[in-house]
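File shown: protein-v9.cif. Contents: mmCIF, C-alpha atoms and all ligand atoms.
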data_upload
#
loop_
_atom_site.label_atom_id
_atom_site.label_comp_id
_atom_site.auth_asym_id
_atom_site.auth_seq_id
_atom_site.Cartn_x
_atom_site.Cartn_y
_atom_site.Cartn_z
CA ARG A 7 9.23 30.54 7.02
CA PRO A 8 7.55 27.15 6.69
CA GLY A 9 9.80 24.36 5.48
CA CYS A 10 12.83 26.63 5.73
CA THR A 11 16.03 25.00 6.96
CA HIS A 12 17.67 28.28 7.95
CA VAL A 13 15.39 30.00 10.43
CA ASN A 14 17.93 31.99 12.46
CA VAL A 15 21.43 33.44 12.22
CA ALA A 16 22.96 30.43 14.01
CA ASP A 17 21.70 28.19 11.21
CA TYR A 18 23.66 30.28 8.72
CA GLU A 19 26.77 30.09 10.87
CA ARG A 20 26.51 26.29 11.02
CA ARG A 21 26.16 26.19 7.26
CA ALA A 22 29.19 28.45 6.81
CA LYS A 23 31.24 26.10 8.92
CA VAL A 24 30.38 23.28 6.53
CA VAL A 25 30.98 25.13 3.27
CA LEU A 26 34.05 27.26 4.09
CA PRO A 27 37.56 25.81 4.31
CA LYS A 28 38.71 25.60 7.94
CA GLY A 29 41.24 28.43 7.56
CA GLU A 30 38.62 30.83 6.24
CA PHE A 31 35.93 29.85 8.73
CA ASP A 32 38.30 30.26 11.68
CA TYR A 33 39.46 33.63 10.34
CA PHE A 34 35.92 34.94 10.16
CA ALA A 35 34.64 33.34 13.36
CA GLY A 36 37.65 33.77 15.60
CA GLY A 37 38.68 36.32 18.18
CA ALA A 38 41.85 37.37 19.96
CA ASN A 39 43.75 35.29 22.53
CA ASP A 40 41.38 33.39 24.85
CA MET A 41 38.36 34.87 23.07
CA VAL A 42 36.82 36.03 26.35
CA THR A 43 35.50 39.22 24.76
CA LEU A 44 34.19 37.33 21.74
CA ARG A 45 32.04 35.10 23.97
CA GLU A 46 31.02 37.95 26.28
CA ASN A 47 29.61 39.96 23.38
CA ARG A 48 26.94 37.25 23.06
CA ALA A 49 26.64 36.25 26.71
CA ALA A 50 25.99 39.81 27.88
CA TYR A 51 22.83 40.06 25.76
CA ARG A 52 21.53 36.89 27.42
CA ARG A 53 22.00 38.45 30.84
CA LEU A 54 19.62 41.28 29.93
CA ARG A 55 15.92 40.63 30.47
CA LEU A 56 13.05 42.31 28.68
CA ARG A 57 10.14 44.04 30.41
CA PRO A 58 7.21 44.19 27.96
CA ARG A 59 4.27 46.58 27.89
CA VAL A 60 0.94 44.98 27.10
CA LEU A 61 -2.36 45.73 25.39
CA ARG A 62 -1.02 48.32 23.02
CA ASP A 63 -2.17 48.37 19.43
CA VAL A 64 0.75 46.86 17.56
CA SER A 65 -1.07 45.99 14.35
CA SER A 66 1.34 48.15 12.39
CA VAL A 67 4.98 48.58 13.32
CA ASP A 68 7.36 51.26 12.02
CA THR A 69 11.12 50.55 12.08
CA THR A 70 12.29 53.69 10.26
CA ARG A 71 14.86 55.98 11.81
CA THR A 72 16.96 58.96 10.79
CA VAL A 73 20.65 58.24 11.26
CA LEU A 74 23.21 61.01 10.67
CA GLY A 75 20.57 62.88 8.73
CA GLU A 76 19.70 59.93 6.45
CA ARG A 77 16.35 58.20 6.58
CA MET A 78 16.86 54.48 7.19
CA ALA A 79 14.17 51.86 6.63
CA HIS A 80 15.39 49.97 9.69
CA PRO A 81 18.14 50.33 12.29
CA ILE A 82 20.31 47.33 11.31
CA GLY A 83 23.42 48.15 9.27
CA ILE A 84 26.35 46.13 7.95
CA SER A 85 29.61 46.49 9.91
CA PRO A 86 32.81 46.82 7.90
CA THR A 87 34.41 43.41 7.56
CA ALA A 88 37.43 42.49 5.46
CA GLU A 89 37.74 40.05 2.60
CA HIS A 90 34.21 39.19 1.53
CA ARG A 91 35.59 37.34 -1.48
CA ALA A 92 37.08 34.78 0.89
CA ALA A 93 33.49 33.94 1.89
CA HIS A 94 31.94 33.96 -1.59
CA ASP A 95 33.27 34.62 -5.09
CA ASP A 96 30.94 37.60 -5.54
CA GLY A 97 32.32 39.10 -2.33
CA GLU A 98 31.52 42.73 -1.60
CA LEU A 99 29.49 43.04 -4.81
CA ALA A 100 27.00 40.51 -3.43
CA THR A 101 26.92 42.27 -0.08
CA ALA A 102 26.25 45.61 -1.79
CA ARG A 103 23.36 44.20 -3.82
CA ALA A 104 21.87 42.67 -0.69
CA ALA A 105 22.32 45.96 1.18
CA ALA A 106 20.54 47.82 -1.60
CA GLY A 107 17.75 45.24 -1.76
CA THR A 108 17.12 45.33 1.97
CA CYS A 109 17.64 49.11 2.35
CA SER A 110 20.54 48.52 4.74
CA MET A 111 23.45 50.85 5.40
CA MET A 112 26.63 49.16 4.16
CA VAL A 113 29.92 50.17 5.70
CA VAL A 114 32.65 49.13 3.28
CA SER A 115 35.91 48.01 4.87
CA SER A 116 39.23 49.48 3.84
CA SER A 117 40.36 45.83 3.76
CA ALA A 118 37.69 44.93 1.22
CA THR A 119 38.67 42.63 -1.61
CA THR A 120 36.83 44.83 -4.12
CA ALA A 121 37.48 48.45 -5.07
CA LEU A 122 35.22 50.89 -3.24
CA GLU A 123 33.98 52.31 -6.58
CA ASP A 124 32.87 48.85 -7.77
CA VAL A 125 31.03 48.22 -4.50
CA ALA A 126 29.20 51.53 -4.92
CA THR A 127 28.25 50.70 -8.50
CA ALA A 128 26.95 47.24 -7.54
CA GLY A 129 24.76 48.74 -4.82
CA GLY A 130 23.41 51.41 -7.16
CA PRO A 131 22.63 55.04 -6.44
CA ASN A 132 20.19 54.27 -3.64
CA MET A 133 22.47 52.08 -1.56
CA GLN A 134 23.30 53.92 1.63
CA ARG A 135 27.04 53.63 2.10
CA TRP A 136 29.77 54.70 4.46
CA PHE A 137 33.47 53.98 4.10
CA GLN A 138 35.68 52.65 6.89
CA LEU A 139 39.24 53.87 7.29
CA SER A 140 41.78 52.38 9.65
CA LEU A 141 44.01 54.85 11.42
CA SER A 142 46.14 51.84 11.97
CA SER A 143 47.90 50.68 8.94
CA ARG A 144 51.04 52.28 7.74
CA LYS A 145 48.98 54.35 5.38
CA ASN A 146 50.36 57.81 5.57
CA ARG A 147 48.31 60.95 5.14
CA THR A 148 48.84 60.97 1.38
CA VAL A 149 47.36 57.50 1.04
CA LEU A 150 44.50 58.31 3.41
CA ALA A 151 43.70 61.51 1.54
CA GLY A 152 43.58 59.56 -1.71
CA LEU A 153 41.11 57.08 -0.22
CA VAL A 154 38.95 59.88 1.15
CA ARG A 155 38.83 61.57 -2.26
CA ARG A 156 37.79 58.32 -3.90
CA ALA A 157 35.11 57.71 -1.27
CA ILE A 158 33.66 61.20 -1.77
CA ALA A 159 33.60 60.72 -5.54
CA ALA A 160 31.86 57.34 -5.17
CA GLY A 161 29.05 58.78 -3.06
CA TYR A 162 29.98 57.55 0.42
CA THR A 163 28.35 59.82 2.97
CA ALA A 164 30.39 59.10 6.10
CA LEU A 165 33.86 58.04 7.11
CA VAL A 166 34.00 55.42 9.82
CA VAL A 167 37.38 55.73 11.48
CA THR A 168 38.46 52.57 13.27
CA VAL A 169 40.70 53.33 16.24
CA ASP A 170 41.29 50.03 18.00
CA ARG A 171 43.81 48.58 15.62
CA PRO A 172 47.21 50.19 16.11
CA VAL A 173 48.44 46.63 15.57
CA LEU A 174 46.57 43.52 14.61
CA GLY A 175 45.07 41.46 17.44
CA ARG A 176 46.60 38.06 18.08
CA ARG A 177 44.22 35.51 16.65
CA GLU A 178 45.64 32.19 17.59
CA ALA A 179 43.51 30.07 15.27
CA ASP A 180 44.94 32.02 12.32
CA LEU A 181 48.45 31.41 13.61
CA ARG A 182 47.81 27.69 13.95
CA ASN A 183 46.21 27.49 10.53
CA CYS A 184 48.92 29.71 8.98
CA TYR A 185 45.97 31.61 7.53
CA GLU A 186 46.73 33.95 4.68
CA LEU A 187 44.37 35.56 2.25
CA ALA A 188 44.67 33.80 -1.10
CA PRO A 189 47.12 35.78 -3.27
CA ARG A 190 44.50 36.43 -5.99
CA LEU A 191 42.35 38.16 -3.36
CA ALA A 192 45.22 39.86 -1.54
CA GLU A 193 46.08 41.69 -4.72
CA GLY A 194 42.54 43.02 -5.06
CA ARG A 195 42.47 44.02 -1.44
CA VAL A 196 45.61 46.09 -1.45
CA VAL A 197 44.82 47.79 -4.72
CA SER A 198 41.30 48.57 -3.63
CA ALA A 199 42.27 49.89 -0.26
CA THR A 200 45.35 51.89 -0.99
CA GLY A 201 45.75 52.25 -4.71
CA ALA A 202 49.26 50.99 -4.04
CA ARG A 203 51.34 49.28 -6.65
CA ILE A 204 52.13 45.70 -6.00
CA GLY A 205 55.47 44.34 -7.07
CA ARG A 206 56.33 40.86 -8.19
CA ARG A 207 59.48 39.33 -6.84
CA PRO A 208 61.76 37.58 -9.32
CA ASP A 209 60.41 34.23 -8.14
CA GLY A 210 56.87 35.32 -9.09
CA THR A 211 55.51 35.73 -5.54
CA MET A 212 53.87 38.98 -4.59
CA ASP A 213 55.54 41.78 -2.74
CA LEU A 214 52.89 43.81 -0.95
CA GLY A 215 55.60 46.28 -0.09
CA GLN A 216 54.47 49.59 1.33
CA ALA A 217 50.88 48.56 1.20
CA SER A 218 51.08 45.68 3.63
CA ASP A 219 49.66 46.57 7.00
CA ALA A 220 50.66 43.24 8.46
CA ARG A 221 53.94 44.75 9.53
CA PRO A 222 54.31 45.03 13.28
CA GLU A 223 55.07 48.74 13.27
CA ALA A 224 51.83 49.44 11.45
CA GLY A 225 50.39 52.83 12.15
CA LYS A 226 51.59 53.45 15.65
CA SER A 227 52.17 57.05 14.77
CA LEU A 228 48.58 57.95 13.88
CA ASN A 229 46.64 59.72 16.61
CA TRP A 230 43.68 61.98 17.48
CA ASP A 231 45.15 64.83 15.43
CA ASP A 232 44.59 62.69 12.37
CA VAL A 233 40.86 62.57 13.15
CA HIS A 234 40.85 66.35 13.24
CA TRP A 235 42.81 66.44 9.97
CA LEU A 236 40.33 64.05 8.32
CA ARG A 237 37.59 66.55 9.10
CA THR A 238 39.42 69.17 7.06
CA ILE A 239 39.54 66.99 3.93
CA CYS A 240 36.32 64.98 4.07
CA GLY A 241 33.98 67.61 2.64
CA ASP A 242 30.34 66.93 3.53
CA MET A 243 31.05 63.43 4.78
CA LYS A 244 30.21 62.78 8.41
CA ILE A 245 32.87 61.35 10.71
CA VAL A 246 32.17 58.38 12.95
CA VAL A 247 34.78 57.04 15.37
CA LYS A 248 34.50 53.28 15.67
CA SER A 249 35.69 51.24 18.63
CA VAL A 250 34.95 53.58 21.46
CA MET A 251 35.00 51.39 24.58
CA THR A 252 35.22 53.88 27.46
CA ARG A 253 33.67 57.19 28.53
CA GLU A 254 37.17 58.69 28.20
CA ALA A 255 37.42 57.73 24.53
CA ALA A 256 33.91 59.07 23.92
CA GLU A 257 34.87 62.41 25.48
CA GLU A 258 38.00 62.57 23.38
CA ALA A 259 36.09 61.78 20.20
CA LEU A 260 33.60 64.55 20.97
CA ALA A 261 36.42 66.97 21.67
CA HIS A 262 37.65 66.25 18.13
CA GLY A 263 34.30 67.12 16.65
CA VAL A 264 32.99 63.75 15.49
CA ASP A 265 29.40 63.27 14.35
CA ALA A 266 28.94 59.89 16.01
CA VAL A 267 30.70 57.33 18.18
CA TRP A 268 30.46 53.61 17.56
CA VAL A 269 30.79 51.29 20.53
CA SER A 270 32.73 48.28 19.26
CA ASN A 271 35.45 45.90 20.32
CA HIS A 272 36.05 44.70 16.77
CA GLY A 273 33.96 41.62 17.42
CA GLY A 274 36.43 40.46 20.09
CA ARG A 275 39.28 40.34 17.58
CA GLN A 276 41.62 42.97 19.03
CA LEU A 277 42.22 43.46 22.78
CA ASP A 278 40.92 40.41 24.63
CA THR A 279 39.09 40.79 27.98
CA VAL A 280 37.63 44.20 27.23
CA PRO A 281 33.93 44.06 28.22
CA ALA A 282 31.04 43.19 25.97
CA THR A 283 29.89 46.17 23.90
CA ILE A 284 26.35 46.09 25.29
CA GLU A 285 27.87 46.48 28.78
CA ILE A 286 29.81 49.58 27.72
CA LEU A 287 26.94 51.23 25.87
CA PRO A 288 25.29 52.79 28.99
CA GLU A 289 28.61 54.33 30.08
CA VAL A 290 29.11 55.89 26.66
CA VAL A 291 25.49 57.11 26.50
CA GLN A 292 26.00 58.80 29.85
CA ALA A 293 29.24 60.45 28.77
CA VAL A 294 27.84 61.66 25.44
CA ARG A 295 24.72 63.25 26.97
CA GLY A 296 22.96 63.53 23.63
CA ARG A 297 25.76 65.47 21.96
CA CYS A 298 26.15 62.96 19.12
CA GLU A 299 24.65 59.74 17.83
CA ILE A 300 25.82 56.40 19.17
CA PHE A 301 26.04 53.09 17.33
CA VAL A 302 26.94 49.64 18.60
CA ASP A 303 28.03 46.30 17.17
CA GLY A 304 29.27 42.96 18.48
CA GLY A 305 27.33 39.79 19.16
CA ILE A 306 24.00 40.92 17.73
CA ARG A 307 22.29 37.76 16.46
CA ARG A 308 18.63 38.24 17.40
CA GLY A 309 15.91 40.82 16.98
CA THR A 310 15.73 41.01 20.76
CA ASP A 311 19.43 41.96 20.83
CA VAL A 312 18.67 44.86 18.47
CA LEU A 313 15.81 45.96 20.68
CA LYS A 314 17.98 45.83 23.82
CA ALA A 315 20.70 47.94 22.19
CA LEU A 316 18.16 50.55 21.08
CA ALA A 317 16.61 50.58 24.57
CA LEU A 318 20.04 51.28 26.07
CA GLY A 319 20.56 54.29 23.80
CA ALA A 320 21.98 53.21 20.42
CA SER A 321 20.52 54.98 17.37
CA ALA A 322 21.44 52.05 15.15
CA VAL A 323 23.15 48.67 15.39
CA PHE A 324 25.50 46.88 13.01
CA ILE A 325 26.23 43.23 12.29
CA GLY A 326 29.56 41.76 11.19
CA ARG A 327 29.80 37.98 11.05
CA PRO A 328 26.12 37.27 10.28
CA VAL A 329 26.68 38.93 6.89
CA ILE A 330 29.69 36.67 6.27
CA TRP A 331 27.60 33.59 7.12
CA GLY A 332 24.94 34.73 4.66
CA LEU A 333 27.59 35.25 1.99
CA ALA A 334 29.08 31.81 2.58
CA HIS A 335 25.62 30.26 2.31
CA SER A 336 24.63 31.78 -1.03
CA GLY A 337 26.13 35.21 -1.74
CA GLU A 338 23.64 38.03 -2.23
CA HIS A 339 20.68 35.77 -1.53
CA GLY A 340 22.12 34.60 1.81
CA VAL A 341 22.97 38.12 2.99
CA THR A 342 19.49 39.29 2.02
CA ASP A 343 17.99 36.44 3.97
CA VAL A 344 20.05 37.08 7.10
CA ILE A 345 19.14 40.79 7.15
CA ASN A 346 15.47 40.06 6.50
CA LEU A 347 15.49 37.46 9.26
CA LEU A 348 16.86 39.91 11.80
CA ASN A 349 14.37 42.54 10.73
CA GLU A 350 11.47 40.10 11.03
CA GLU A 351 12.71 39.18 14.49
CA LEU A 352 12.96 42.85 15.44
CA VAL A 353 9.38 43.55 14.31
CA GLN A 354 8.17 40.46 16.19
CA ALA A 355 10.05 41.56 19.33
CA MET A 356 8.62 45.10 19.04
CA ARG A 357 5.07 43.72 18.83
CA LEU A 358 5.60 41.45 21.83
CA MET A 359 7.09 44.39 23.74
CA GLY A 360 4.19 46.69 22.90
CA CYS A 361 6.25 49.03 20.67
CA LYS A 362 4.72 50.47 17.49
CA LYS A 363 7.80 52.45 16.55
CA LEU A 364 11.47 52.59 17.49
CA GLY A 365 10.80 55.68 19.62
CA ASP A 366 8.54 53.56 21.87
CA ILE A 367 11.51 51.43 22.93
CA GLU A 368 12.49 52.70 26.38
CA ARG A 369 15.41 52.28 28.75
CA SER A 370 13.12 50.78 31.39
CA MET A 371 12.28 47.87 29.09
CA VAL A 372 15.63 46.24 29.80
CA ALA A 373 16.83 44.99 33.18
CA HIS A 374 19.91 43.05 34.17
CA GLN A 375 19.15 39.50 35.23
CA SER A 376 20.77 40.16 38.62
CA SER A 377 17.90 42.49 39.51
CA TYR A 378 15.62 39.44 39.61
CA HIS A 379 17.70 37.51 42.12
CA ALA A 380 17.26 38.20 45.81
C1 LIG A 401 35.98 42.71 11.28
N1 LIG A 401 35.88 44.00 11.78
C2 LIG A 401 36.45 45.04 11.09
N2 LIG A 401 36.32 46.32 11.54
C3 LIG A 401 36.84 47.35 10.85
O1 LIG A 401 36.68 48.49 11.28
N3 LIG A 401 37.54 47.13 9.70
C4 LIG A 401 37.73 45.89 9.19
O2 LIG A 401 38.33 45.72 8.14
C5 LIG A 401 37.20 44.80 9.91
N4 LIG A 401 37.38 43.52 9.48
C6 LIG A 401 36.75 42.48 10.12
C7 LIG A 401 36.86 41.20 9.60
C8 LIG A 401 36.18 40.15 10.21
C9 LIG A 401 36.29 38.77 9.64
C10 LIG A 401 35.38 40.38 11.36
C11 LIG A 401 34.61 39.27 12.00
C12 LIG A 401 35.30 41.64 11.88
C13 LIG A 401 35.04 44.28 12.97
C14 LIG A 401 33.59 44.52 12.54
O3 LIG A 401 33.45 45.78 11.93
C15 LIG A 401 32.62 44.50 13.73
O4 LIG A 401 33.06 45.40 14.70
C16 LIG A 401 32.40 43.14 14.35
O5 LIG A 401 32.41 42.12 13.37
C17 LIG A 401 31.06 43.13 15.07
O6 LIG A 401 30.86 41.95 15.75
P1 LIG A 401 29.98 40.71 15.19
O7 LIG A 401 28.68 41.23 14.64
O8 LIG A 401 30.82 40.03 14.15
O9 LIG A 401 29.81 39.88 16.42
#

Could I get this structure in the form of structure tokens?
Amino acid sequence: RPGCTHVNVADYERRAKVVLPKGEFDYFAGGANDMVTLRENRAAYRRLRLRPRVLRDVSSVDTTRTVLGERMAHPIGISPTAEHRAAHDDGELATARAAAGTCSMMVVSSSATTALEDVATAGGPNMQRWFQLSLSSRKNRTVLAGLVRRAIAAGYTALVVTVDRPVLGRREADLRNCYELAPRLAEGRVVSATGARIGRRPDGTMDLGQASDARPEAGKSLNWDDVHWLRTICGDMKIVVKSVMTREAAEEALAHGVDAVWVSNHGGRQLDTVPATIEILPEVVQAVRGRCEIFVDGGIRRGTDVLKALALGASAVFIGRPVIWGLAHSGEHGVTDVINLLNEELVQAMRLMGCKKLGDIERSMVAHQSSYHA
């Protein structure tokens, strides 16, 4: 990348901070309460050290992997994040085009600012796509069933069920900034996610009515039975439970017949002071004992982070904010660049580690820094 001003993900984040209004940047970047978990997601990767193998022929490197039965060109997918149109006018359409162009799995958020059908069309028939549902909002089963039907019709192959959001985390920067999604985008978001009707009050302001999940009582009634129920209506779609942060939750997810668990703490935006995801991954791997696939997200900003997560047992990793920073930089082009960057870093890290293919990445290649101190 000679002459390039953006050579890593942090460069894109710095750029996003310059181009986005403060309210938007803080919304995307921030975490809950003291943001302990947000910082730990990054810091924990730095505490892991790599143990390379040497003198292996790494002239060609293969990053392909089969994930939930689908062949992926590489193991880096796009986490579901809300409101892409607050980062760039093209919003989720740009993300979808970048996902298609880089052969990346895109997980579309149920708080997207674009209808799930339009995202699918923008990505084209070859874009690998899953749809994220929150068992959190006040959406009742009728609304959820409607979303699932639409996702099936639009070619989504898995449902990612987010379980760590019975209520919204307390993000203090948003409170200070009085952050609210711009009304023109809020309308798109609610319609896309719920198909709900939006009323206008007599004074012309919007009434998000039933569809608003900002209400404090949002979704407290949904529970594990709803995961089981989703299975009965989702046809051939796989079910992934996202935001598993303990062995107990992993066991429960397996007991409800899920196809994969996703270790996530919502990028540190929900319950503060839960551990970093990369610290929880080994516990979940141990509990799952090969019975389903395991994904992880949170704090992945380097190819070496991807490699560490794969070494510790993830089949694939996902990135949230880096995609937003790419969008803020230059829409589709920026997202493409960020994903390509991470993939180039992964290939570089694999070569330096003596790994020709993802299957060569072993548990013993990662050690905690404390094991090097007497
Ligand atoms: C999220 N995340 C998220 N998760 C989800 O299941 N549904 C959603 O709508 C959202 N929305 C959302 C918005 C924003 C702005 C962020 C930053 C995150 C969580 C997301 O899927 C993922 O778990 C984290 O973003 C991963 O951490 P990193 O890569 O951002 O550090």

Find the distance between CA of Pro131 in chain A and CA of Gly75 in chain A and write it in Å to one decimal.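 Going from CA of Pro131 in chain A over to CA of Gly75 in chain A covers 17.2 Å.
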
Close residues, range 67-73 of chain A itself excluded, 6 Å, only C-alpha atoms, min 5 positions apart in chain, as a list in words: Met78, Ala79, His80, Lys362, Lys363 and Leu364 of chain A

Keeping C-alpha atoms, export the residues of the selection given above as an mmCIF file, in the frame of the given file.
data_model
loop_
_atom_site.group_PDB
_atom_site.id
_atom_site.type_symbol
_atom_site.label_atom_id
_atom_site.label_comp_id
_atom_site.auth_asym_id
_atom_site.auth_seq_id
_atom_site.Cartn_x
_atom_site.Cartn_y
_atom_site.Cartn_z
ATOM 1 C CA MET A 78 16.860 54.480 7.190
ATOM 2 C CA ALA A 79 14.170 51.860 6.630
ATOM 3 C CA HIS A 80 15.390 49.970 9.690
ATOM 4 C CA LYS A 362 4.720 50.470 17.490
ATOM 5 C CA LYS A 363 7.800 52.450 16.550
ATOM 6 C CA LEU A 364 11.470 52.590 17.490
#

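When CA of Ile84 in chain A is paired with CA of Gly326 in chain A, their separation reads 6.3 Å.
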
Closest to ligand LIG 401 (chain A) among A:Trp230, A:Trp235, A:Trp331, A:Phe324, using only C-alpha atoms and all ligand atoms?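 Under the stated criterion, the closest residue is A:Phe324.
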
Expected answer as a count of residues only: residues within 9 Å of ligand LIG 401 (chain A), all atoms listed in the file: 55

In terms of all atoms listed in the file, the residue from A:Thr238, A:Thr342, A:Asn39, A:Gln354 at minimal distance from Val154 in chain A is A:Thr238
